[in-house]
Amino acid sequence: MKTVCILLLLSISLQAQEWTPLYNGENLDGWEHVGPGNFIIEDGILKSQGGMGLLWFTGQKFSNVTLRVVYKGADKNNAGVFIRIPEKPTEAWMPVHKGYEVQIDDREDEWHKTGVLYSLTKAKASPGKPGEWNTMEITLKGDRTIVHVNGVLVTDFTEGDTVPKKTLEYEPDRGPRPEIGYIGIQNHGDKDVIEFKEVSYKKIEDK
């Protein structure tokens, strides 16, 4: 029995090591902020303040990975995870129109709520847990983007899939995004506070 327990603990440990943290829980080393507002750190938790701005990871572009973001507050506030940003952002709107925003906001309609590519895809489910920590996993596999929230599939989109026409000025421009790009998290506005305690990734097999 002792041997079985040891092997189980080793297996769990190895699985945990598959995830590489991008936010270290202490400071913003490796990150840069553009646009209004900012992020603060309280007891190891990232909290959005003001906006609209973007905190983006400067170290590398990402492709063929799964991103894991653990957040809280989407039942009352608004933010997003940006993916497939083609070049280093110098302001907050280029990523909106040239990358994708994976929305964090449980209050909106099916085209603008948590887990969708904002205004481009329709939510397959609404698995957010109000007042609790939620886990979003975004898989970037070639030109395919898959989003699970709390283990439930919300989005499965491949470049070329039909999307609705742009109807509002602040919605993203339509058109293809790159297979590899920078990632970031959004601080949306003065009344929006979303907390983040993990941003990490693990590699997946090439397409």
# chains A, B, ... in the order shown; residues from 1 in each chain; ligands from 1
>>> closest_atom_pairs(of="segment 80-161 of chain A", to="segment 17-34 of chain A", cutoff="7 Å", atoms="only C-alpha atoms", output="tab-separated table")
residue	atom	partner	partner_atom	distance
A:Thr90	CA	A:Val34	CA	6.1
A:Glu91	CA	A:Val34	CA	5.2
A:Ala92	CA	A:Val34	CA	6.1
>>> residues_around(residues="Val81 of chain A", least_positions_apart="5", cutoff="6 Å", atoms="only C-alpha atoms", output="list in words")
Glu101, Val102, Gly184 and Ile185 of chain A
>>> write_last_selection(atoms="N, CA, C and O atoms", output="mmCIF file, in the first residue's frame")
data_model
loop_
_atom_site.group_PDB
_atom_site.id
_atom_site.type_symbol
_atom_site.label_atom_id
_atom_site.label_comp_id
_atom_site.auth_asym_id
_atom_site.auth_seq_id
_atom_site.Cartn_x
_atom_site.Cartn_y
_atom_site.Cartn_z
ATOM 1 N N GLU A 101 -9.932 38.115 -28.108
ATOM 2 C CA GLU A 101 -10.212 38.206 -26.679
ATOM 3 C C GLU A 101 -11.103 37.047 -26.277
ATOM 4 O O GLU A 101 -12.216 36.905 -26.792
ATOM 5 N N VAL A 102 -10.615 36.232 -25.350
ATOM 6 C CA VAL A 102 -11.463 35.224 -24.715
ATOM 7 C C VAL A 102 -12.113 35.922 -23.524
ATOM 8 O O VAL A 102 -11.442 36.280 -22.555
ATOM 9 N N GLY A 184 -2.122 38.009 -23.231
ATOM 10 C CA GLY A 184 -2.231 39.018 -22.183
ATOM 11 C C GLY A 184 -3.556 38.918 -21.468
ATOM 12 O O GLY A 184 -4.461 38.193 -21.890
ATOM 13 N N ILE A 185 -3.686 39.664 -20.356
ATOM 14 C CA ILE A 185 -4.949 39.748 -19.631
ATOM 15 C C ILE A 185 -5.372 41.208 -19.551
ATOM 16 O O ILE A 185 -4.543 42.103 -19.427
#
>>> residues_around(residues="Gly37 of chain A", least_positions_apart="4", cutoff="10 Å", atoms="only C-alpha atoms", output="PyMOL selection string")
chain A and resi 33+48-55+186-190
>>> closest_residue(among="A:Ile104, A:Ala74, A:Leu67, A:Val199", to="Ile138 of chain A", atoms="only C-alpha atoms")
A:Leu67
>>> atom_distance(atom1="atom CA of Glu110 of chain A", atom2="atom CA of Gly181 of chain A")
25.9 Å
>>> select_by_dssp(residues="chain A", states="strand (DSSP E or B)", output="MDAnalysis selection string")
chainID A and resid 20:21 31:34 38:42 45:49 53:57 62 65:72 79:85 100:104 117 134:141 144:149 152:158 181:187 195:203
>>> residues_around(residues="Tyr182 of chain A", least_positions_apart="2", cutoff="9 Å", atoms="only C-alpha atoms", output="list of chain:residue names")
A:Trp56, A:Phe57, A:Thr58, A:Gly59, A:Gln60, A:Lys61, A:Phe62, A:Phe82, A:Ile83, A:Arg84, A:Ile85, A:Pro86, A:Glu87, A:Lys88, A:Pro89, A:Gly99, A:Ile180, A:Gly184
>>> write_last_selection(atoms="all heavy atoms", output="compact mmCIF listing (two decimals), in the first residue's frame")
# COMPACT_ATOMS: atom_id res chain seq x y z
N TRP A 56 0.56 42.19 -20.75
CA TRP A 56 0.92 41.13 -21.68
C TRP A 56 2.27 40.52 -21.33
O TRP A 56 3.15 41.18 -20.77
CB TRP A 56 0.91 41.64 -23.12
CG TRP A 56 1.94 42.69 -23.45
CD1 TRP A 56 1.89 44.02 -23.12
CD2 TRP A 56 3.16 42.50 -24.16
NE1 TRP A 56 3.01 44.67 -23.58
CE2 TRP A 56 3.80 43.76 -24.23
CE3 TRP A 56 3.76 41.40 -24.76
CZ2 TRP A 56 5.03 43.95 -24.86
CZ3 TRP A 56 4.99 41.58 -25.39
CH2 TRP A 56 5.61 42.84 -25.44
N PHE A 57 2.41 39.24 -21.66
CA PHE A 57 3.64 38.50 -21.36
C PHE A 57 4.65 38.73 -22.47
O PHE A 57 4.39 38.44 -23.63
CB PHE A 57 3.34 37.01 -21.20
CG PHE A 57 4.53 36.22 -20.74
CD1 PHE A 57 4.98 36.30 -19.43
CD2 PHE A 57 5.23 35.41 -21.63
CE1 PHE A 57 6.09 35.59 -19.01
CE2 PHE A 57 6.33 34.69 -21.22
CZ PHE A 57 6.77 34.78 -19.90
N THR A 58 5.82 39.23 -22.09
CA THR A 58 6.81 39.67 -23.08
C THR A 58 7.77 38.58 -23.53
O THR A 58 8.46 38.74 -24.53
CB THR A 58 7.65 40.83 -22.51
OG1 THR A 58 8.43 40.35 -21.40
CG2 THR A 58 6.76 41.97 -22.05
N GLY A 59 7.82 37.47 -22.80
CA GLY A 59 8.89 36.51 -22.98
C GLY A 59 8.86 35.70 -24.26
O GLY A 59 9.90 35.31 -24.79
N GLN A 60 7.66 35.43 -24.80
CA GLN A 60 7.57 34.58 -25.98
C GLN A 60 6.18 34.66 -26.60
O GLN A 60 5.23 35.10 -25.95
CB GLN A 60 7.88 33.12 -25.63
CG GLN A 60 6.83 32.47 -24.73
CD GLN A 60 7.18 31.06 -24.33
OE1 GLN A 60 7.80 30.84 -23.30
NE2 GLN A 60 6.78 30.09 -25.14
N LYS A 61 6.08 34.22 -27.84
CA LYS A 61 4.80 33.98 -28.47
C LYS A 61 4.40 32.54 -28.22
O LYS A 61 5.25 31.68 -27.97
CB LYS A 61 4.89 34.25 -29.98
CG LYS A 61 5.10 35.72 -30.35
CD LYS A 61 5.10 35.89 -31.86
CE LYS A 61 5.21 37.35 -32.26
NZ LYS A 61 5.15 37.52 -33.75
N PHE A 62 3.09 32.26 -28.32
CA PHE A 62 2.58 30.94 -27.98
C PHE A 62 1.82 30.31 -29.13
O PHE A 62 1.04 30.97 -29.82
CB PHE A 62 1.67 31.02 -26.76
CG PHE A 62 2.39 31.39 -25.50
CD1 PHE A 62 2.51 32.72 -25.12
CD2 PHE A 62 2.96 30.41 -24.71
CE1 PHE A 62 3.19 33.07 -23.96
CE2 PHE A 62 3.65 30.75 -23.55
CZ PHE A 62 3.76 32.08 -23.18
N PHE A 82 -6.29 37.68 -23.74
CA PHE A 82 -6.00 37.91 -25.15
C PHE A 82 -4.99 36.88 -25.66
O PHE A 82 -4.03 36.55 -24.96
CB PHE A 82 -5.48 39.33 -25.37
CG PHE A 82 -6.58 40.35 -25.46
CD1 PHE A 82 -7.19 40.82 -24.31
CD2 PHE A 82 -7.02 40.81 -26.69
CE1 PHE A 82 -8.22 41.75 -24.39
CE2 PHE A 82 -8.04 41.72 -26.78
CZ PHE A 82 -8.65 42.20 -25.63
N ILE A 83 -5.24 36.40 -26.86
CA ILE A 83 -4.40 35.38 -27.48
C ILE A 83 -4.13 35.78 -28.94
O ILE A 83 -4.78 36.67 -29.48
CB ILE A 83 -5.08 34.00 -27.45
CG1 ILE A 83 -6.46 34.07 -28.14
CG2 ILE A 83 -5.20 33.48 -26.03
CD1 ILE A 83 -7.16 32.73 -28.30
N ARG A 84 -3.13 35.13 -29.53
CA ARG A 84 -2.83 35.29 -30.96
C ARG A 84 -2.55 36.75 -31.34
O ARG A 84 -2.89 37.19 -32.45
CB ARG A 84 -3.95 34.70 -31.83
CG ARG A 84 -4.21 33.21 -31.55
CD ARG A 84 -5.19 32.63 -32.55
NE ARG A 84 -5.54 31.26 -32.26
CZ ARG A 84 -4.81 30.18 -32.59
NH1 ARG A 84 -3.67 30.35 -33.24
NH2 ARG A 84 -5.23 28.96 -32.30
N ILE A 85 -1.93 37.51 -30.42
CA ILE A 85 -1.54 38.89 -30.73
C ILE A 85 -0.31 38.84 -31.63
O ILE A 85 0.73 38.30 -31.23
CB ILE A 85 -1.24 39.68 -29.45
CG1 ILE A 85 -2.44 39.61 -28.48
CG2 ILE A 85 -0.90 41.13 -29.77
CD1 ILE A 85 -2.14 40.16 -27.10
N PRO A 86 -0.36 39.40 -32.83
CA PRO A 86 0.70 39.15 -33.81
C PRO A 86 2.03 39.82 -33.52
O PRO A 86 3.07 39.33 -33.93
CB PRO A 86 0.09 39.69 -35.11
CG PRO A 86 -0.92 40.69 -34.68
CD PRO A 86 -1.48 40.17 -33.39
N GLU A 87 2.00 40.95 -32.82
CA GLU A 87 3.24 41.67 -32.53
C GLU A 87 3.15 42.32 -31.17
O GLU A 87 2.07 42.39 -30.56
CB GLU A 87 3.50 42.72 -33.61
CG GLU A 87 2.36 43.71 -33.77
CD GLU A 87 2.52 44.55 -35.02
OE1 GLU A 87 2.63 43.97 -36.12
OE2 GLU A 87 2.51 45.79 -34.89
N LYS A 88 4.28 42.80 -30.67
CA LYS A 88 4.30 43.39 -29.34
C LYS A 88 3.37 44.60 -29.29
O LYS A 88 3.52 45.53 -30.06
CB LYS A 88 5.72 43.80 -28.96
CG LYS A 88 6.67 42.61 -28.84
CD LYS A 88 8.07 43.05 -28.44
CE LYS A 88 8.98 41.83 -28.28
NZ LYS A 88 10.35 42.22 -27.86
N PRO A 89 2.38 44.59 -28.38
CA PRO A 89 1.42 45.69 -28.33
C PRO A 89 2.03 46.93 -27.69
O PRO A 89 2.75 46.85 -26.69
CB PRO A 89 0.28 45.14 -27.47
CG PRO A 89 0.90 44.08 -26.64
CD PRO A 89 2.02 43.51 -27.45
N GLY A 99 -5.78 40.35 -32.55
CA GLY A 99 -5.77 39.08 -31.83
C GLY A 99 -7.20 38.68 -31.51
O GLY A 99 -8.15 39.18 -32.11
N ILE A 180 0.54 31.80 -34.18
CA ILE A 180 1.43 32.04 -33.05
C ILE A 180 1.36 33.51 -32.67
O ILE A 180 1.30 34.39 -33.55
CB ILE A 180 2.88 31.62 -33.40
CG1 ILE A 180 3.80 31.82 -32.20
CG2 ILE A 180 3.40 32.35 -34.63
CD1 ILE A 180 5.18 31.22 -32.39
N GLY A 184 -2.12 38.01 -23.23
CA GLY A 184 -2.23 39.02 -22.18
C GLY A 184 -3.56 38.92 -21.47
O GLY A 184 -4.46 38.19 -21.89
>>> select_by_dssp(residues="segment 3-142 of chain A", states="alpha helix (DSSP H)", output="count of residues only")
20
